[in-house]
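Enquirer: Next comes data37.cif, mmCIF, C-alpha atoms:
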data_my_file
loop_
_atom_site.label_atom_id
_atom_site.label_comp_id
_atom_site.auth_asym_id
_atom_site.auth_seq_id
_atom_site.Cartn_x
_atom_site.Cartn_y
_atom_site.Cartn_z
CA MET Z 170 5.16 -25.20 -40.92
CA SER Z 171 4.27 -25.74 -37.27
CA ASP Z 172 2.08 -23.13 -35.56
CA GLY Z 173 3.92 -23.74 -32.28
CA ALA Z 174 6.88 -21.90 -30.80
CA GLN Z 175 8.57 -19.20 -32.84
CA PHE Z 176 12.35 -18.89 -32.62
CA ARG Z 177 14.74 -16.05 -33.33
CA GLN Z 178 18.07 -16.23 -35.06
CA VAL Z 179 20.94 -16.85 -32.68
CA SER Z 180 23.91 -14.55 -32.37
CA PRO Z 181 27.45 -15.58 -31.46
CA VAL Z 182 28.61 -14.93 -27.89
CA ARG Z 183 32.13 -13.74 -27.39
CA LEU Z 184 34.33 -15.88 -25.19
CA TYR Z 185 34.99 -13.13 -22.66
CA GLN Z 186 31.23 -12.96 -21.98
CA ARG Z 187 31.26 -16.61 -20.93
CA ILE Z 188 34.05 -15.84 -18.47
CA VAL Z 189 32.09 -12.87 -17.11
CA GLU Z 190 29.00 -15.06 -16.70
CA GLN Z 191 30.88 -17.75 -14.76
CA ILE Z 192 32.43 -15.26 -12.36
CA GLU Z 193 29.12 -13.43 -11.86
CA GLN Z 194 27.40 -16.74 -11.11
CA ALA Z 195 30.10 -17.68 -8.61
CA ILE Z 196 29.56 -14.35 -6.82
CA ALA Z 197 25.77 -14.80 -6.88
CA ARG Z 198 26.09 -18.30 -5.36
CA GLY Z 199 28.40 -17.03 -2.64
CA ASP Z 200 31.36 -19.08 -3.86
CA LEU Z 201 33.21 -15.78 -4.18
CA LYS Z 202 32.68 -13.25 -1.41
CA PRO Z 203 33.65 -9.58 -1.01
CA GLY Z 204 37.30 -9.28 -0.05
CA GLN Z 205 38.31 -12.56 -1.66
CA ARG Z 206 40.64 -12.64 -4.64
CA LEU Z 207 40.28 -14.21 -8.04
CA PRO Z 208 43.18 -16.35 -9.22
CA SER Z 209 46.00 -14.53 -10.96
CA GLU Z 210 45.61 -13.65 -14.63
CA ARG Z 211 47.98 -16.48 -15.57
CA GLU Z 212 45.92 -18.97 -13.56
CA LEU Z 213 42.65 -17.71 -15.05
CA VAL Z 214 44.05 -18.22 -18.55
CA THR Z 215 44.78 -21.84 -17.62
CA GLN Z 216 41.45 -22.49 -15.87
CA PHE Z 217 39.30 -21.01 -18.65
CA GLY Z 218 41.43 -22.31 -21.48
CA ALA Z 219 41.26 -18.86 -23.05
CA SER Z 220 43.79 -16.40 -24.36
CA ARG Z 221 45.26 -13.68 -22.16
CA PRO Z 222 43.51 -10.88 -24.13
CA THR Z 223 40.15 -12.66 -23.65
CA VAL Z 224 40.68 -12.97 -19.89
CA ARG Z 225 41.78 -9.34 -19.68
CA GLU Z 226 38.66 -8.19 -21.53
CA ALA Z 227 36.46 -10.20 -19.13
CA LEU Z 228 38.21 -8.64 -16.13
CA ARG Z 229 37.81 -5.19 -17.66
CA VAL Z 230 34.05 -5.75 -17.98
CA LEU Z 231 33.78 -7.05 -14.42
CA GLU Z 232 35.70 -4.05 -13.13
CA SER Z 233 33.57 -1.57 -15.09
CA ASN Z 234 30.49 -3.23 -13.58
CA GLY Z 235 31.87 -2.70 -10.09
CA LEU Z 236 32.27 -6.39 -9.27
CA VAL Z 237 36.05 -6.58 -9.00
CA ARG Z 238 38.99 -4.23 -8.50
CA SER Z 239 42.51 -4.61 -9.81
CA ARG Z 240 45.46 -2.66 -8.46
CA PRO Z 241 48.39 -1.82 -10.75
CA GLY Z 242 51.45 -3.86 -9.83
CA ASP Z 243 49.50 -6.12 -7.45
CA PRO Z 244 50.71 -9.72 -8.00
CA ASN Z 245 47.44 -11.11 -6.61
CA GLY Z 246 44.26 -11.56 -8.60
CA PRO Z 247 41.46 -8.95 -8.69
CA GLU Z 248 39.55 -8.38 -5.44
CA ILE Z 249 35.83 -9.15 -5.22
CA LEU Z 250 34.00 -5.95 -4.22
CA PRO Z 251 30.90 -5.63 -2.03
CA PHE Z 252 27.70 -4.55 -3.74
CA THR Z 253 27.04 -0.83 -3.98
CA PRO Z 254 24.12 0.90 -5.69
CA ALA Z 255 26.43 3.30 -7.56
CA GLY Z 256 26.21 1.24 -10.74
CA LEU Z 257 22.42 1.13 -10.56
CA VAL Z 258 22.28 4.90 -10.11
CA LYS Z 259 24.46 5.31 -13.19
CA GLU Z 260 22.32 2.99 -15.31
CA MET Z 261 19.00 4.50 -14.18
CA THR Z 262 20.29 8.01 -14.84
CA ARG Z 263 21.38 6.88 -18.30
CA LEU Z 264 17.92 5.44 -18.96
CA VAL Z 265 16.31 8.79 -18.19
CA GLN Z 266 18.88 10.79 -20.16
CA PHE Z 267 18.32 8.69 -23.25
CA ASP Z 268 14.52 8.89 -22.91
CA SER Z 269 14.12 5.18 -22.19
CA MET Z 270 12.51 6.13 -18.88
CA SER Z 271 10.53 9.31 -18.33
CA MET Z 272 11.20 11.69 -15.47
CA ALA Z 273 7.55 11.16 -14.50
CA ALA Z 274 8.11 7.42 -14.11
CA LEU Z 275 11.24 7.99 -12.05
CA ILE Z 276 9.62 10.51 -9.71
CA SER Z 277 6.41 8.51 -9.29
CA PHE Z 278 8.52 5.48 -8.36
CA ARG Z 279 10.33 7.58 -5.80
CA MET Z 280 6.96 8.71 -4.40
CA ILE Z 281 5.96 5.04 -4.02
CA LEU Z 282 9.26 4.12 -2.35
CA ASP Z 283 9.39 7.12 0.00
CA GLY Z 284 5.76 6.70 0.96
CA SER Z 285 6.29 3.02 1.79
CA ALA Z 286 9.50 3.75 3.70
CA SER Z 287 7.80 6.48 5.74
CA LEU Z 288 4.80 4.27 6.52
CA LEU Z 289 7.01 1.43 7.78
CA ALA Z 290 9.38 3.77 9.63
CA ALA Z 291 6.48 5.30 11.56
CA ARG Z 292 5.59 1.85 12.85
CA LEU Z 293 9.00 0.22 13.22
CA ARG Z 294 11.56 2.94 13.96
CA SER Z 295 13.68 2.85 17.09
CA GLU Z 296 14.27 5.79 19.40
CA GLU Z 297 17.85 5.97 18.11
CA GLU Z 298 16.64 6.19 14.53
CA LEU Z 299 14.13 8.88 15.45
CA ALA Z 300 16.96 10.84 17.07
CA SER Z 301 19.02 10.48 13.86
CA MET Z 302 16.12 11.83 11.81
CA GLU Z 303 15.80 14.79 14.15
CA GLN Z 304 19.54 15.43 13.87
CA ALA Z 305 19.35 15.37 10.07
CA ILE Z 306 16.50 17.89 10.15
CA ALA Z 307 18.54 20.17 12.43
CA VAL Z 308 21.50 20.01 10.06
CA MET Z 309 19.21 20.77 7.11
CA SER Z 310 17.94 23.86 8.93
CA ASP Z 311 21.47 25.13 9.62
CA ALA Z 312 22.59 24.33 6.06
CA ILE Z 313 20.06 26.67 4.44
CA GLU Z 314 22.38 29.59 5.12
CA VAL Z 315 25.42 27.60 3.95
CA GLY Z 316 24.22 26.41 0.56
CA TYR Z 317 22.42 23.72 -1.39
CA GLU Z 318 25.28 21.20 -1.33
CA GLU Z 319 25.31 20.93 2.46
CA PHE Z 320 21.53 21.01 2.58
CA SER Z 321 21.34 18.15 0.07
CA LYS Z 322 23.74 16.01 2.13
CA ALA Z 323 21.54 16.39 5.21
CA ASP Z 324 18.45 15.70 3.10
CA VAL Z 325 20.00 12.45 1.88
CA ALA Z 326 20.94 11.51 5.46
CA PHE Z 327 17.32 11.95 6.57
CA HIS Z 328 15.95 9.69 3.83
CA GLU Z 329 18.64 7.08 4.49
CA VAL Z 330 17.59 6.82 8.14
CA VAL Z 331 13.92 6.58 7.17
CA ALA Z 332 14.71 3.81 4.69
CA LEU Z 333 16.81 2.01 7.31
CA ALA Z 334 13.94 2.25 9.81
CA SER Z 335 11.64 0.57 7.27
CA ARG Z 336 13.48 -2.71 8.02
CA ASN Z 337 13.44 -3.52 4.30
CA SER Z 338 16.84 -3.71 2.62
CA LEU Z 339 15.31 -3.55 -0.88
CA ILE Z 340 13.61 -0.27 -0.03
CA GLU Z 341 16.98 1.01 1.22
CA VAL Z 342 18.78 0.12 -2.00
CA CYS Z 343 16.03 1.19 -4.41
CA ASN Z 344 15.47 4.45 -2.55
CA GLN Z 345 19.14 5.31 -2.82
CA VAL Z 346 19.25 4.43 -6.50
CA VAL Z 347 16.14 6.40 -7.48
CA ARG Z 348 16.98 9.38 -5.29
CA GLY Z 349 20.50 9.50 -6.72
CA ALA Z 350 19.21 9.34 -10.29
CA VAL Z 351 16.69 12.14 -9.70
CA LEU Z 352 19.19 14.39 -7.92
CA SER Z 353 21.83 13.89 -10.60
CA LEU Z 354 19.38 15.23 -13.15
CA ILE Z 355 18.01 18.26 -11.32
CA SER Z 356 20.50 19.21 -8.58
CA ASP Z 357 22.16 21.90 -10.72
CA LYS Z 358 18.78 23.43 -11.52
CA VAL Z 359 17.87 23.61 -7.83
CA ALA Z 360 21.29 24.85 -6.71
CA HIS Z 361 21.30 27.69 -9.24
CA ALA Z 362 17.62 28.58 -9.06
CA LEU Z 363 16.90 32.21 -8.18
CA ASN Z 364 14.62 31.02 -5.38
CA SER Z 365 17.00 28.32 -4.13
CA THR Z 366 16.77 29.47 -0.50
CA ALA Z 367 12.97 29.48 -0.63
CA LEU Z 368 12.98 25.97 -2.11
CA MET Z 369 15.22 24.73 0.70
CA ARG Z 370 12.97 26.29 3.35
CA GLU Z 371 9.93 24.69 1.76
CA SER Z 372 11.70 21.33 1.62
CA LEU Z 373 12.71 21.65 5.27
CA HIS Z 374 9.08 22.27 6.25
CA HIS Z 375 7.98 19.19 4.29
CA HIS Z 376 10.58 17.02 6.02
CA GLN Z 377 9.49 18.32 9.41
CA GLU Z 378 5.92 17.26 8.62
CA VAL Z 379 7.04 13.74 7.73
CA LEU Z 380 9.18 13.57 10.87
CA GLU Z 381 6.22 14.56 13.06
CA ALA Z 382 4.03 11.84 11.57
CA ILE Z 383 6.79 9.29 12.11
CA ARG Z 384 7.25 10.49 15.68
CA LEU Z 385 3.52 10.00 16.32
CA GLY Z 386 3.59 6.53 14.77
CA ASP Z 387 1.01 7.52 12.15
CA GLY Z 388 2.20 5.50 9.18
CA LEU Z 389 -0.65 6.39 6.83
CA ALA Z 390 -0.14 10.11 7.44
CA ALA Z 391 3.63 9.78 7.05
CA ALA Z 392 3.20 8.04 3.69
CA ARG Z 393 0.56 10.52 2.49
CA ILE Z 394 2.60 13.58 3.48
CA SER Z 395 5.75 12.12 1.96
CA ARG Z 396 4.08 11.52 -1.41
CA ARG Z 397 2.43 14.93 -1.45
CA ASN Z 398 5.67 16.70 -0.52
CA LEU Z 399 7.60 14.95 -3.26
CA TYR Z 400 4.91 15.86 -5.76
CA ASP Z 401 5.01 19.51 -4.72
CA TYR Z 402 8.81 19.58 -4.94
CA TYR Z 403 9.34 17.71 -8.21
CA ALA Z 404 6.19 18.13 -10.31
CA GLY Z 405 7.56 21.32 -11.83
CA TYR Z 406 10.32 19.31 -13.50
CA VAL Z 407 7.76 17.10 -15.28
CA PRO Z 408 5.77 18.26 -18.34
CA GLU Z 409 2.18 18.96 -17.32
CA ASP Z 410 0.73 16.37 -19.70
CA GLU Z 411 2.90 13.65 -18.10
CA ARG Z 412 1.95 14.25 -14.46
CA GLY Z 413 -0.90 11.72 -14.39
CA PRO Z 414 1.03 8.96 -12.55
CA LEU Z 415 2.20 11.49 -9.96
CA LEU Z 416 -1.28 12.91 -9.40
CA ALA Z 417 -2.69 9.40 -9.03
CA LEU Z 418 -0.45 8.92 -6.00
CA VAL Z 419 -1.79 12.01 -4.23
CA ASP Z 420 -5.44 11.95 -5.32
CA ASP Z 421 -6.43 9.90 -2.27
CA GLU Z 422 -5.52 12.85 -0.05
CA GLU Z 423 -8.12 15.00 -1.74
CA ALA Z 424 -10.91 12.42 -1.93
#
For the file at hand, write its structure as structure tokens.

Expert:
Amino acid sequence: MSDGAQFRQVSPVRLYQRIVEQIEQAIARGDLKPGQRLPSERELVTQFGASRPTVREALRVLESNGLVRSRPGDPNGPEILPFTPAGLVKEMTRLVQFDSMSMAALISFRMILDGSASLLAARLRSEEELASMEQAIAVMSDAIEVGYEEFSKADVAFHEVVALASRNSLIEVCNQVVRGAVLSLISDKVAHALNSTALMRESLHHHQEVLEAIRLGDGLAAARISRRNLYDYYAGYVPEDERGPLLALVDDEEA
């Protein structure tokens, strides 16, 4: 027997998966753009040479993945949808819930993303973006007396502006995905914590520190403060023996 490449047994691929792959590839190439319509179900059956149930299953998968939308009674084909990170948030949250990804890994990744976004925002932000950050901070302050839900919305708005000011669309998307996954897992704990108001005040102070560094154009300080603040806020949700990756991201501040 040859000592070369080792192969695995092949498994059959269902026909609907081939249809899904072709449509996904057409979207990736730009042949199909958001707002455009796929051919009608009848036409798809003809084009793919597949049965109606097979085409319907492929469309169901595409719709569940957020790529297309069908409207009941609409005689036109399914509509191609623009990309949203909602599906990524769902999948990342599922990874954490099923222990495929640790909370420590998720939070340390958020520390990396937020630190990078803050560093870039301090150097690249516009005056309009700075004003939007200040507005978000003001809303956060007012929301403390209203409740965690309103406070969280303003918190999200602040981080969205910072990510936008980074001028990096991948940071924007990844930040939203990771932040959404983390919040979906701990928001109830924060909202119903006995010291919820104290936590919100502490968070507000942390955001004000990041804002000041961004205002001064000190990217390194903005990144350092952002990472430290996230550690202080989230470390309590991570088992102590798993906090190594988080501590590694703040050790440079204490060197």

Enquirer: Counting all atoms listed in the file, which residue out of Z:Gln205, Z:Thr262, Z:Gln186, Z:Gln377 sits closest to Arg225 of chain Z?

Expert: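 When distances to Arg225 of chain Z are compared using all atoms listed in the file, the smallest one comes from Z:Gln186.
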
Enquirer: Between Z:Val419, Z:Ala305, Z:Thr215, Z:Leu289, which one has atoms that come closest to Glu319 of chain Z, using all atoms listed in the file?

Expert: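 Counting all atoms listed in the file, the residue closest to Glu319 of chain Z is Z:Ala305.
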
Enquirer: Leaving out Leu231 of chain Z and any residue of its chain fewer than 4 positions from it, which residues lie within 10 Å of it when counting all atoms listed in the file, given as a PyMOL selection string?

Expert: chain Z and resi 186+188-190+192-193+225-227+235-238+247+249

Enquirer: Would you kindly identify which residues have an atom no farther than 12 Å from (19.0, 19.6, 1.8), using only C-alpha atoms and the file's own coordinates, and write them out as a short mmCIF file (atom, residue, chain, number, x, y, z; two decimals) with C-alpha atoms, keeping the file's coordinate frame?

Expert:
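Saved as out.cif:
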data_model
loop_
_atom_site.label_atom_id
_atom_site.label_comp_id
_atom_site.auth_asym_id
_atom_site.auth_seq_id
_atom_site.Cartn_x
_atom_site.Cartn_y
_atom_site.Cartn_z
CA ALA Z 305 19.35 15.37 10.07
CA ILE Z 306 16.50 17.89 10.15
CA ALA Z 307 18.54 20.17 12.43
CA VAL Z 308 21.50 20.01 10.06
CA MET Z 309 19.21 20.77 7.11
CA SER Z 310 17.94 23.86 8.93
CA ASP Z 311 21.47 25.13 9.62
CA ALA Z 312 22.59 24.33 6.06
CA ILE Z 313 20.06 26.67 4.44
CA GLU Z 314 22.38 29.59 5.12
CA VAL Z 315 25.42 27.60 3.95
CA GLY Z 316 24.22 26.41 0.56
CA TYR Z 317 22.42 23.72 -1.39
CA GLU Z 318 25.28 21.20 -1.33
CA GLU Z 319 25.31 20.93 2.46
CA PHE Z 320 21.53 21.01 2.58
CA SER Z 321 21.34 18.15 0.07
CA LYS Z 322 23.74 16.01 2.13
CA ALA Z 323 21.54 16.39 5.21
CA ASP Z 324 18.45 15.70 3.10
CA VAL Z 325 20.00 12.45 1.88
CA ALA Z 326 20.94 11.51 5.46
CA PHE Z 327 17.32 11.95 6.57
CA HIS Z 328 15.95 9.69 3.83
CA LEU Z 352 19.19 14.39 -7.92
CA SER Z 356 20.50 19.21 -8.58
CA VAL Z 359 17.87 23.61 -7.83
CA ALA Z 360 21.29 24.85 -6.71
CA SER Z 365 17.00 28.32 -4.13
CA THR Z 366 16.77 29.47 -0.50
CA ALA Z 367 12.97 29.48 -0.63
CA LEU Z 368 12.98 25.97 -2.11
CA MET Z 369 15.22 24.73 0.70
CA ARG Z 370 12.97 26.29 3.35
CA GLU Z 371 9.93 24.69 1.76
CA SER Z 372 11.70 21.33 1.62
CA LEU Z 373 12.71 21.65 5.27
CA HIS Z 374 9.08 22.27 6.25
CA HIS Z 375 7.98 19.19 4.29
CA HIS Z 376 10.58 17.02 6.02
#

Enquirer: Neighbouring residues of Lys202 of chain Z were defined as those with any atom within 10 Å, considering all atoms listed in the file; residues of the same chain fewer than 3 positions away were excluded. Please report them as number ranges by chain.

Expert: Z: 195-199, 205-206, 248-251

Enquirer: Which residues match the PyMOL selection byres ((chain Z and resi 414) around 10) in the file above, as a PyMOL selection string?

Expert: chain Z and resi 273-274+276-278+411-413+415-419

Enquirer: Of the candidates Z:Pro241, Z:Gly349, Z:Pro222, Z:Pro254, which shows the shortest atom-to-atom distance to Arg279 of chain Z, using all atoms listed in the file?

Expert: Z:Gly349

Enquirer: Please indicate the distance in Å from atom CA of Gln191 of chain Z to atom CA of Leu207 of chain Z, rounded to one decimal place.

Expert: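 Separation of atom CA of Gln191 of chain Z and atom CA of Leu207 of chain Z: 12.1 Å.
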
Enquirer: Figure out the distance between atom CA of Val351 of chain Z and atom CA of Met272 of chain Z, please, to one decimal in Å.

Expert: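 A separation of 8.0 Å between them.
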